[in-house]
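Next comes query_32.pdb, a file with PDB, N, CA and C atoms.
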MODEL        1
ATOM      1  N   MET A 235     -13.611   9.633   4.345
ATOM      2  CA  MET A 235     -12.183   9.486   4.533
ATOM      3  C   MET A 235     -11.955   8.422   5.593
ATOM      4  N   ILE A 236     -10.924   7.640   5.384
ATOM      5  CA  ILE A 236     -10.558   6.606   6.330
ATOM      6  C   ILE A 236      -9.036   6.549   6.421
ATOM      7  N   ALA A 237      -8.522   6.278   7.598
ATOM      8  CA  ALA A 237      -7.074   6.189   7.789
ATOM      9  C   ALA A 237      -6.779   5.182   8.900
ATOM     10  N   GLY A 238      -5.596   4.608   8.847
ATOM     11  CA  GLY A 238      -5.218   3.657   9.877
ATOM     12  C   GLY A 238      -3.707   3.539  10.006
ATOM     13  N   TRP A 239      -3.273   3.063  11.155
ATOM     14  CA  TRP A 239      -1.858   2.831  11.420
ATOM     15  C   TRP A 239      -1.750   1.516  12.174
ATOM     16  N   SER A 240      -0.768   0.729  11.843
ATOM     17  CA  SER A 240      -0.531  -0.497  12.603
ATOM     18  C   SER A 240       0.970  -0.662  12.836
ATOM     19  N   HIS A 241       1.288  -1.292  13.953
ATOM     20  CA  HIS A 241       2.682  -1.553  14.317
ATOM     21  C   HIS A 241       2.803  -3.035  14.617
ATOM     22  N   GLY A 242       3.834  -3.652  14.076
ATOM     23  CA  GLY A 242       4.060  -5.071  14.319
ATOM     24  C   GLY A 242       5.344  -5.284  15.093
ATOM     25  N   TRP A 243       5.282  -6.159  16.102
ATOM     26  CA  TRP A 243       6.454  -6.528  16.885
ATOM     27  C   TRP A 243       6.813  -7.959  16.533
ATOM     28  N   ASN A 244       8.100  -8.222  16.345
ATOM     29  CA  ASN A 244       8.574  -9.576  16.042
ATOM     30  C   ASN A 244       7.776 -10.199  14.893
ATOM     31  N   GLU A 245       7.707  -9.452  13.791
ATOM     32  CA  GLU A 245       6.943  -9.890  12.622
ATOM     33  C   GLU A 245       7.390 -11.258  12.134
ATOM     34  N   ASN A 246       6.426 -12.073  11.740
ATOM     35  CA  ASN A 246       6.684 -13.423  11.219
ATOM     36  C   ASN A 246       7.536 -14.253  12.171
ATOM     37  N   TRP A 247       7.380 -13.994  13.454
ATOM     38  CA  TRP A 247       8.097 -14.704  14.521
ATOM     39  C   TRP A 247       9.603 -14.486  14.447
ATOM     40  N   VAL A 248      10.052 -13.377  13.855
ATOM     41  CA  VAL A 248      11.480 -13.042  13.797
ATOM     42  C   VAL A 248      11.763 -12.022  14.895
ATOM     43  N   LYS A 249      12.645 -12.381  15.812
ATOM     44  CA  LYS A 249      12.959 -11.502  16.935
ATOM     45  C   LYS A 249      13.500 -10.161  16.448
ATOM     46  N   ASN A 250      13.013  -9.074  17.028
ATOM     47  CA  ASN A 250      13.428  -7.695  16.742
ATOM     48  C   ASN A 250      13.093  -7.208  15.333
ATOM     49  N   GLN A 251      12.203  -7.881  14.638
ATOM     50  CA  GLN A 251      11.753  -7.366  13.340
ATOM     51  C   GLN A 251      10.426  -6.650  13.558
ATOM     52  N   ASP A 252      10.458  -5.333  13.437
ATOM     53  CA  ASP A 252       9.280  -4.508  13.679
ATOM     54  C   ASP A 252       8.830  -3.840  12.391
ATOM     55  N   SER A 253       7.567  -3.458  12.345
ATOM     56  CA  SER A 253       7.050  -2.807  11.144
ATOM     57  C   SER A 253       6.036  -1.727  11.519
ATOM     58  N   HIS A 254       5.882  -0.786  10.619
ATOM     59  CA  HIS A 254       4.866   0.251  10.710
ATOM     60  C   HIS A 254       4.167   0.314   9.359
ATOM     61  N   ALA A 255       2.858   0.448   9.377
ATOM     62  CA  ALA A 255       2.099   0.618   8.138
ATOM     63  C   ALA A 255       1.051   1.705   8.355
ATOM     64  N   VAL A 256       0.958   2.615   7.405
ATOM     65  CA  VAL A 256      -0.038   3.680   7.436
ATOM     66  C   VAL A 256      -0.851   3.563   6.146
ATOM     67  N   ASN A 257      -2.167   3.562   6.283
ATOM     68  CA  ASN A 257      -3.063   3.469   5.140
ATOM     69  C   ASN A 257      -4.095   4.587   5.232
ATOM     70  N   PHE A 258      -4.462   5.137   4.101
ATOM     71  CA  PHE A 258      -5.514   6.145   4.102
ATOM     72  C   PHE A 258      -6.265   6.097   2.777
ATOM     73  N   GLY A 259      -7.486   6.596   2.812
ATOM     74  CA  GLY A 259      -8.301   6.621   1.608
ATOM     75  C   GLY A 259      -9.353   7.705   1.694
ATOM     76  N   LEU A 260      -9.769   8.153   0.539
ATOM     77  CA  LEU A 260     -10.767   9.213   0.435
ATOM     78  C   LEU A 260     -11.619   8.925  -0.791
ATOM     79  N   GLY A 261     -12.914   9.076  -0.651
ATOM     80  CA  GLY A 261     -13.825   8.890  -1.774
ATOM     81  C   GLY A 261     -14.829  10.030  -1.824
ATOM     82  N   VAL A 262     -15.162  10.467  -3.040
ATOM     83  CA  VAL A 262     -16.122  11.548  -3.230
ATOM     84  C   VAL A 262     -17.126  11.099  -4.279
ATOM     85  N   ASP A 263     -18.412  11.127  -3.929
ATOM     86  CA  ASP A 263     -19.460  10.788  -4.889
ATOM     87  C   ASP A 263     -19.665  11.967  -5.835
ATOM     88  N   LEU A 264     -19.376  11.757  -7.106
ATOM     89  CA  LEU A 264     -19.578  12.793  -8.106
ATOM     90  C   LEU A 264     -21.032  12.809  -8.581
ATOM     91  N   THR A 265     -21.615  11.616  -8.705
ATOM     92  CA  THR A 265     -23.036  11.439  -8.997
ATOM     93  C   THR A 265     -23.506  10.257  -8.166
ATOM     94  N   ASP A 266     -24.771   9.850  -8.360
ATOM     95  CA  ASP A 266     -25.268   8.674  -7.636
ATOM     96  C   ASP A 266     -24.524   7.399  -8.024
ATOM     97  N   GLN A 267     -23.960   7.377  -9.232
ATOM     98  CA  GLN A 267     -23.310   6.161  -9.710
ATOM     99  C   GLN A 267     -21.792   6.294  -9.893
ATOM    100  N   LEU A 268     -21.260   7.502  -9.866
ATOM    101  CA  LEU A 268     -19.842   7.703 -10.147
ATOM    102  C   LEU A 268     -19.117   8.246  -8.911
ATOM    103  N   THR A 269     -18.051   7.562  -8.507
ATOM    104  CA  THR A 269     -17.259   7.939  -7.333
ATOM    105  C   THR A 269     -15.800   8.081  -7.718
ATOM    106  N   TRP A 270     -15.182   9.180  -7.295
ATOM    107  CA  TRP A 270     -13.738   9.357  -7.426
ATOM    108  C   TRP A 270     -13.114   8.944  -6.090
ATOM    109  N   TYR A 271     -11.977   8.252  -6.148
ATOM    110  CA  TYR A 271     -11.314   7.851  -4.905
ATOM    111  C   TYR A 271      -9.797   7.975  -5.037
ATOM    112  N   ALA A 272      -9.149   8.061  -3.888
ATOM    113  CA  ALA A 272      -7.691   8.056  -3.804
ATOM    114  C   ALA A 272      -7.300   7.260  -2.565
ATOM    115  N   THR A 273      -6.272   6.442  -2.683
ATOM    116  CA  THR A 273      -5.768   5.673  -1.548
ATOM    117  C   THR A 273      -4.251   5.797  -1.482
ATOM    118  N   GLY A 274      -3.703   5.592  -0.310
ATOM    119  CA  GLY A 274      -2.258   5.632  -0.130
ATOM    120  C   GLY A 274      -1.821   4.678   0.959
ATOM    121  N   ASP A 275      -0.633   4.136   0.815
ATOM    122  CA  ASP A 275      -0.058   3.208   1.782
ATOM    123  C   ASP A 275       1.414   3.539   1.970
ATOM    124  N   TYR A 276       1.897   3.414   3.206
ATOM    125  CA  TYR A 276       3.320   3.560   3.516
ATOM    126  C   TYR A 276       3.685   2.421   4.457
ATOM    127  N   ILE A 277       4.822   1.792   4.211
ATOM    128  CA  ILE A 277       5.266   0.702   5.083
ATOM    129  C   ILE A 277       6.762   0.840   5.348
ATOM    130  N   ARG A 278       7.133   0.470   6.562
ATOM    131  CA  ARG A 278       8.547   0.453   6.950
ATOM    132  C   ARG A 278       8.741  -0.747   7.857
ATOM    133  N   THR A 279       9.767  -1.527   7.577
ATOM    134  CA  THR A 279      10.097  -2.658   8.433
ATOM    135  C   THR A 279      11.599  -2.651   8.671
ATOM    136  N   LYS A 280      11.991  -3.076   9.865
ATOM    137  CA  LYS A 280      13.411  -3.058  10.224
ATOM    138  C   LYS A 280      13.701  -4.232  11.151
ATOM    139  N   ASN A 281      14.875  -4.823  10.966
ATOM    140  CA  ASN A 281      15.323  -5.915  11.813
ATOM    141  C   ASN A 281      16.687  -5.544  12.371
ATOM    142  N   ASP A 282      16.806  -5.505  13.692
ATOM    143  CA  ASP A 282      18.062  -5.135  14.354
ATOM    144  C   ASP A 282      18.840  -6.350  14.840
ATOM    145  N   GLN A 283      18.575  -7.498  14.308
ATOM    146  CA  GLN A 283      19.136  -8.725  14.849
ATOM    147  C   GLN A 283      20.475  -9.072  14.196
ATOM    148  N   GLY A 284      21.550  -8.806  14.877
ATOM    149  CA  GLY A 284      22.887  -9.247  14.473
ATOM    150  C   GLY A 284      23.272  -8.920  13.050
ATOM    151  N   VAL A 285      23.767  -9.911  12.349
ATOM    152  CA  VAL A 285      24.293  -9.706  10.999
ATOM    153  C   VAL A 285      23.204  -9.631   9.934
ATOM    154  N   ILE A 286      21.957  -9.923  10.273
ATOM    155  CA  ILE A 286      20.906  -9.900   9.250
ATOM    156  C   ILE A 286      20.084  -8.621   9.299
ATOM    157  N   TRP A 287      20.670  -7.575   9.896
ATOM    158  CA  TRP A 287      19.974  -6.293   9.983
ATOM    159  C   TRP A 287      19.580  -5.820   8.596
ATOM    160  N   HIS A 288      18.379  -5.304   8.468
ATOM    161  CA  HIS A 288      17.931  -4.715   7.212
ATOM    162  C   HIS A 288      16.823  -3.714   7.479
ATOM    163  N   LYS A 289      16.536  -2.911   6.468
ATOM    164  CA  LYS A 289      15.429  -1.959   6.548
ATOM    165  C   LYS A 289      14.791  -1.877   5.173
ATOM    166  N   ALA A 290      13.482  -1.949   5.134
ATOM    167  CA  ALA A 290      12.757  -1.799   3.881
ATOM    168  C   ALA A 290      11.693  -0.719   4.073
ATOM    169  N   THR A 291      11.556   0.158   3.090
ATOM    170  CA  THR A 291      10.531   1.194   3.127
ATOM    171  C   THR A 291       9.850   1.237   1.765
ATOM    172  N   GLY A 292       8.621   1.670   1.774
ATOM    173  CA  GLY A 292       7.914   1.787   0.511
ATOM    174  C   GLY A 292       6.602   2.518   0.664
ATOM    175  N   TRP A 293       6.098   2.952  -0.461
ATOM    176  CA  TRP A 293       4.806   3.616  -0.463
ATOM    177  C   TRP A 293       4.105   3.325  -1.789
ATOM    178  N   ALA A 294       2.794   3.486  -1.772
ATOM    179  CA  ALA A 294       1.980   3.286  -2.967
ATOM    180  C   ALA A 294       0.831   4.276  -2.930
ATOM    181  N   GLY A 295       0.424   4.733  -4.086
ATOM    182  CA  GLY A 295      -0.711   5.635  -4.198
ATOM    183  C   GLY A 295      -1.560   5.243  -5.389
ATOM    184  N   GLU A 296      -2.866   5.396  -5.248
ATOM    185  CA  GLU A 296      -3.786   5.044  -6.324
ATOM    186  C   GLU A 296      -4.916   6.060  -6.374
ATOM    187  N   THR A 297      -5.325   6.427  -7.577
ATOM    188  CA  THR A 297      -6.488   7.286  -7.756
ATOM    189  C   THR A 297      -7.291   6.743  -8.929
ATOM    190  N   GLY A 298      -8.609   6.836  -8.815
ATOM    191  CA  GLY A 298      -9.425   6.285  -9.883
ATOM    192  C   GLY A 298     -10.886   6.659  -9.774
ATOM    193  N   LEU A 299     -11.657   6.078 -10.665
ATOM    194  CA  LEU A 299     -13.104   6.283 -10.713
ATOM    195  C   LEU A 299     -13.798   4.933 -10.604
ATOM    196  N   MET A 300     -14.929   4.908  -9.899
ATOM    197  CA  MET A 300     -15.736   3.699  -9.802
ATOM    198  C   MET A 300     -17.152   4.031 -10.255
ATOM    199  N   PHE A 301     -17.656   3.235 -11.187
ATOM    200  CA  PHE A 301     -19.013   3.396 -11.692
ATOM    201  C   PHE A 301     -19.840   2.232 -11.178
ATOM    202  N   THR A 302     -20.905   2.510 -10.437
ATOM    203  CA  THR A 302     -21.754   1.480  -9.858
ATOM    204  C   THR A 302     -23.065   1.410 -10.629
ATOM    205  N   MET A 303     -23.360   0.225 -11.143
ATOM    206  CA  MET A 303     -24.598   0.001 -11.880
ATOM    207  C   MET A 303     -25.670  -0.526 -10.923
ATOM    208  N   PRO A 304     -26.911  -0.574 -11.354
ATOM    209  CA  PRO A 304     -27.954  -1.155 -10.509
ATOM    210  C   PRO A 304     -27.605  -2.597 -10.122
ATOM    211  N   TYR A 305     -28.127  -3.049  -9.012
ATOM    212  CA  TYR A 305     -27.917  -4.397  -8.473
ATOM    213  C   TYR A 305     -26.486  -4.639  -8.023
ATOM    214  N   GLY A 306     -25.697  -3.575  -7.805
ATOM    215  CA  GLY A 306     -24.395  -3.712  -7.174
ATOM    216  C   GLY A 306     -23.223  -4.041  -8.062
ATOM    217  N   VAL A 307     -23.394  -4.111  -9.352
ATOM    218  CA  VAL A 307     -22.264  -4.353 -10.245
ATOM    219  C   VAL A 307     -21.468  -3.053 -10.357
ATOM    220  N   ASN A 308     -20.139  -3.133 -10.238
ATOM    221  CA  ASN A 308     -19.327  -1.918 -10.350
ATOM    222  C   ASN A 308     -18.102  -2.154 -11.226
ATOM    223  N   PHE A 309     -17.631  -1.054 -11.808
ATOM    224  CA  PHE A 309     -16.445  -1.056 -12.649
ATOM    225  C   PHE A 309     -15.507   0.032 -12.144
ATOM    226  N   GLN A 310     -14.220  -0.287 -12.096
ATOM    227  CA  GLN A 310     -13.217   0.679 -11.656
ATOM    228  C   GLN A 310     -12.141   0.818 -12.718
ATOM    229  N   VAL A 311     -11.630   2.026 -12.836
ATOM    230  CA  VAL A 311     -10.440   2.285 -13.634
ATOM    231  C   VAL A 311      -9.572   3.222 -12.800
ATOM    232  N   ALA A 312      -8.271   2.922 -12.720
ATOM    233  CA  ALA A 312      -7.409   3.679 -11.805
ATOM    234  C   ALA A 312      -5.974   3.703 -12.311
ATOM    235  N   TYR A 313      -5.201   4.611 -11.731
ATOM    236  CA  TYR A 313      -3.762   4.698 -11.939
ATOM    237  C   TYR A 313      -3.098   4.434 -10.591
ATOM    238  N   ARG A 314      -2.046   3.617 -10.570
ATOM    239  CA  ARG A 314      -1.353   3.264  -9.325
ATOM    240  C   ARG A 314       0.152   3.425  -9.523
ATOM    241  N   HIS A 315       0.816   3.960  -8.478
ATOM    242  CA  HIS A 315       2.270   4.105  -8.467
ATOM    243  C   HIS A 315       2.800   3.472  -7.186
ATOM    244  N   ASP A 316       3.809   2.618  -7.307
ATOM    245  CA  ASP A 316       4.457   1.952  -6.171
ATOM    246  C   ASP A 316       5.941   2.252  -6.199
ATOM    247  N   LYS A 317       6.546   2.357  -5.010
ATOM    248  CA  LYS A 317       7.991   2.564  -4.922
ATOM    249  C   LYS A 317       8.492   1.969  -3.604
ATOM    250  N   PHE A 318       9.460   1.058  -3.680
ATOM    251  CA  PHE A 318      10.011   0.390  -2.507
ATOM    252  C   PHE A 318      11.527   0.304  -2.623
ATOM    253  N   LYS A 319      12.221   0.262  -1.471
ATOM    254  CA  LYS A 319      13.663   0.035  -1.470
ATOM    255  C   LYS A 319      14.049  -0.778  -0.238
ATOM    256  N   TYR A 320      15.129  -1.511  -0.375
ATOM    257  CA  TYR A 320      15.619  -2.417   0.659
ATOM    258  C   TYR A 320      17.075  -2.094   0.924
ATOM    259  N   GLN A 321      17.422  -1.862   2.189
ATOM    260  CA  GLN A 321      18.798  -1.512   2.554
ATOM    261  C   GLN A 321      19.410  -2.565   3.462
ATOM    262  N   ALA A 322      20.684  -2.806   3.259
ATOM    263  CA  ALA A 322      21.440  -3.734   4.094
ATOM    264  C   ALA A 322      21.965  -3.014   5.335
ATOM    265  N   ARG A 323      22.664  -3.745   6.190
ATOM    266  CA  ARG A 323      23.194  -3.216   7.452
ATOM    267  C   ARG A 323      24.079  -1.987   7.254
ATOM    268  N   ASN A 324      24.849  -1.939   6.169
ATOM    269  CA  ASN A 324      25.764  -0.822   5.935
ATOM    270  C   ASN A 324      25.062   0.388   5.304
ATOM    271  N   GLY A 325      23.758   0.335   5.132
ATOM    272  CA  GLY A 325      23.008   1.451   4.583
ATOM    273  C   GLY A 325      22.939   1.491   3.074
ATOM    274  N   VAL A 326      23.575   0.528   2.412
ATOM    275  CA  VAL A 326      23.572   0.489   0.954
ATOM    276  C   VAL A 326      22.235  -0.062   0.457
ATOM    277  N   THR A 327      21.608   0.680  -0.435
ATOM    278  CA  THR A 327      20.369   0.212  -1.048
ATOM    279  C   THR A 327      20.726  -0.785  -2.135
ATOM    280  N   HIS A 328      20.275  -2.029  -1.971
ATOM    281  CA  HIS A 328      20.647  -3.040  -2.960
ATOM    282  C   HIS A 328      19.468  -3.566  -3.757
ATOM    283  N   SER A 329      18.260  -3.230  -3.389
ATOM    284  CA  SER A 329      17.094  -3.638  -4.167
ATOM    285  C   SER A 329      16.115  -2.481  -4.204
ATOM    286  N   LYS A 330      15.589  -2.208  -5.397
ATOM    287  CA  LYS A 330      14.592  -1.161  -5.555
ATOM    288  C   LYS A 330      13.479  -1.683  -6.453
ATOM    289  N   TYR A 331      12.301  -1.149  -6.223
ATOM    290  CA  TYR A 331      11.159  -1.504  -7.061
ATOM    291  C   TYR A 331      10.338  -0.246  -7.292
ATOM    292  N   LYS A 332       9.983  -0.012  -8.536
ATOM    293  CA  LYS A 332       9.118   1.115  -8.863
ATOM    294  C   LYS A 332       8.219   0.684 -10.003
ATOM    295  N   SER A 333       6.937   1.019  -9.903
ATOM    296  CA  SER A 333       6.031   0.661 -10.985
ATOM    297  C   SER A 333       4.948   1.718 -11.141
ATOM    298  N   ASP A 334       4.495   1.851 -12.360
ATOM    299  CA  ASP A 334       3.348   2.667 -12.705
ATOM    300  C   ASP A 334       2.409   1.761 -13.483
ATOM    301  N   MET A 335       1.142   1.741 -13.096
ATOM    302  CA  MET A 335       0.218   0.843 -13.784
ATOM    303  C   MET A 335      -1.192   1.423 -13.838
ATOM    304  N   PHE A 336      -1.922   0.960 -14.818
ATOM    305  CA  PHE A 336      -3.338   1.253 -14.893
ATOM    306  C   PHE A 336      -4.084   0.017 -14.445
ATOM    307  N   VAL A 337      -5.108   0.217 -13.633
ATOM    308  CA  VAL A 337      -5.858  -0.875 -13.039
ATOM    309  C   VAL A 337      -7.295  -0.817 -13.532
ATOM    310  N   MET A 338      -7.831  -1.961 -13.941
ATOM    311  CA  MET A 338      -9.247  -2.067 -14.293
ATOM    312  C   MET A 338      -9.834  -3.212 -13.486
ATOM    313  N   HIS A 339     -11.033  -3.018 -12.981
ATOM    314  CA  HIS A 339     -11.634  -3.987 -12.083
ATOM    315  C   HIS A 339     -13.137  -4.023 -12.310
ATOM    316  N   ALA A 340     -13.707  -5.212 -12.323
ATOM    317  CA  ALA A 340     -15.167  -5.384 -12.345
ATOM    318  C   ALA A 340     -15.520  -6.194 -11.103
ATOM    319  N   GLY A 341     -16.541  -5.757 -10.375
ATOM    320  CA  GLY A 341     -16.890  -6.456  -9.144
ATOM    321  C   GLY A 341     -18.342  -6.275  -8.767
ATOM    322  N   PHE A 342     -18.662  -6.739  -7.566
ATOM    323  CA  PHE A 342     -20.020  -6.693  -7.063
ATOM    324  C   PHE A 342     -20.043  -6.105  -5.663
ATOM    325  N   ASN A 343     -21.039  -5.304  -5.361
ATOM    326  CA  ASN A 343     -21.280  -4.805  -4.000
ATOM    327  C   ASN A 343     -22.466  -5.571  -3.434
ATOM    328  N   PHE A 344     -22.323  -6.063  -2.214
ATOM    329  CA  PHE A 344     -23.433  -6.797  -1.584
ATOM    330  C   PHE A 344     -23.986  -5.996  -0.447
TER     331      PHE A 344
ENDMDL
END

Full structure transcribed into structure tokens:
Amino acid sequence: MIAGWSHGWNENWVKNQDSHAVNFGLGVDLTDQLTWYATGDYIRTKNDQGVIWHKATGWAGETGLMFTMPYGVNFQVAYRHDKFKYQARNGVTHSKYKSDMFVMHAGFNF
């Protein structure tokens, strides 16, 4: 299991734009070659600067299986869900994003 938190001050050199991000992950070896994993992310950013005040929040979660072959070649298949929203100064949500996707990946471990 792994987890982390980070806080940003004056993000992207914008005065009073702060952010928080929380990430976590868990993996369980089912066999020598097959691993189940789950990951999650949460982010929040806010700018209190005058008329351009805004707040954005979002989260994402993924769960999947990774099969590792000899010599470090691996294959992943996973399901991922993302959800984000953006609010203006008056609290009105004017942009939203939501997605559900299946992820496939081939890679190498060194």

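The nearest approach to Tyr271 in chain A among the residues A:Met300, A:Val307, A:Ala294, A:Val248, with only N, CA and C atoms taken into account, belongs to A:Met300.
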
Wanna dump the range 245-299 of chain A-range 315-328 of chain A contacts at 6.5 Å for me, each residue with its shortest atom pair and the distance in Å to one decimal, counting only N, CA and C atoms, ordered by chain and number, as JSON lines?
{"residue": "A:Ile286", "atom": "C", "partner": "A:Arg323", "partner_atom": "N", "distance": 6.3}
{"residue": "A:Trp287", "atom": "C", "partner": "A:Arg323", "partner_atom": "N", "distance": 4.4}
{"residue": "A:His288", "atom": "CA", "partner": "A:Gln321", "partner_atom": "C", "distance": 4.6}
{"residue": "A:Lys289", "atom": "C", "partner": "A:Gln321", "partner_atom": "N", "distance": 4.0}
{"residue": "A:Ala290", "atom": "CA", "partner": "A:Tyr320", "partner_atom": "CA", "distance": 4.4}
{"residue": "A:Thr291", "atom": "C", "partner": "A:Lys319", "partner_atom": "N", "distance": 4.1}
{"residue": "A:Gly292", "atom": "CA", "partner": "A:Phe318", "partner_atom": "CA", "distance": 3.9}
{"residue": "A:Trp293", "atom": "N", "partner": "A:Lys317", "partner_atom": "C", "distance": 4.1}
{"residue": "A:Ala294", "atom": "CA", "partner": "A:Asp316", "partner_atom": "CA", "distance": 4.3}
{"residue": "A:Gly295", "atom": "C", "partner": "A:His315", "partner_atom": "N", "distance": 4.1}
{"residue": "A:Glu296", "atom": "N", "partner": "A:His315", "partner_atom": "N", "distance": 5.1}

(request) Take atom C of Thr279 in chain A and atom N of Lys332 in chain A and report the distance between them in Å, one decimal. (result) 17.5 Å

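With only C-alpha atoms as the atoms that count, the residue of A:Gln251, A:Gln310, A:Ser240, A:Ser333 with the shortest distance to Trp270 in chain A is A:Gln310.
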
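Residues selected in this file by the PyMOL selection byres ((chain A and resi 235) around 5) comprise A:Ile236, A:Ala237, A:Gly259, A:Leu260.
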
Export, as a JSON list (two decimals), in the frame of the given file, the selected residues with N, CA and C atoms.
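Result written to out-v3.json:
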[["chain", "number", "residue", "atom", "x", "y", "z"],
["A", 236, "ILE", "N", -10.92, 7.64, 5.38],
["A", 236, "ILE", "CA", -10.56, 6.61, 6.33],
["A", 236, "ILE", "C", -9.04, 6.55, 6.42],
["A", 237, "ALA", "N", -8.52, 6.28, 7.60],
["A", 237, "ALA", "CA", -7.07, 6.19, 7.79],
["A", 237, "ALA", "C", -6.78, 5.18, 8.90],
["A", 259, "GLY", "N", -7.49, 6.60, 2.81],
["A", 259, "GLY", "CA", -8.30, 6.62, 1.61],
["A", 259, "GLY", "C", -9.35, 7.70, 1.69],
["A", 260, "LEU", "N", -9.77, 8.15, 0.54],
["A", 260, "LEU", "CA", -10.77, 9.21, 0.44],
["A", 260, "LEU", "C", -11.62, 8.93, -0.79]]

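Picked by the PyMOL selection byres ((chain A and resi 340) around 6) from the coordinates shown: Asn308, Phe309, Gln310, Met338, His339, Gly341 and Phe342 of chain A.
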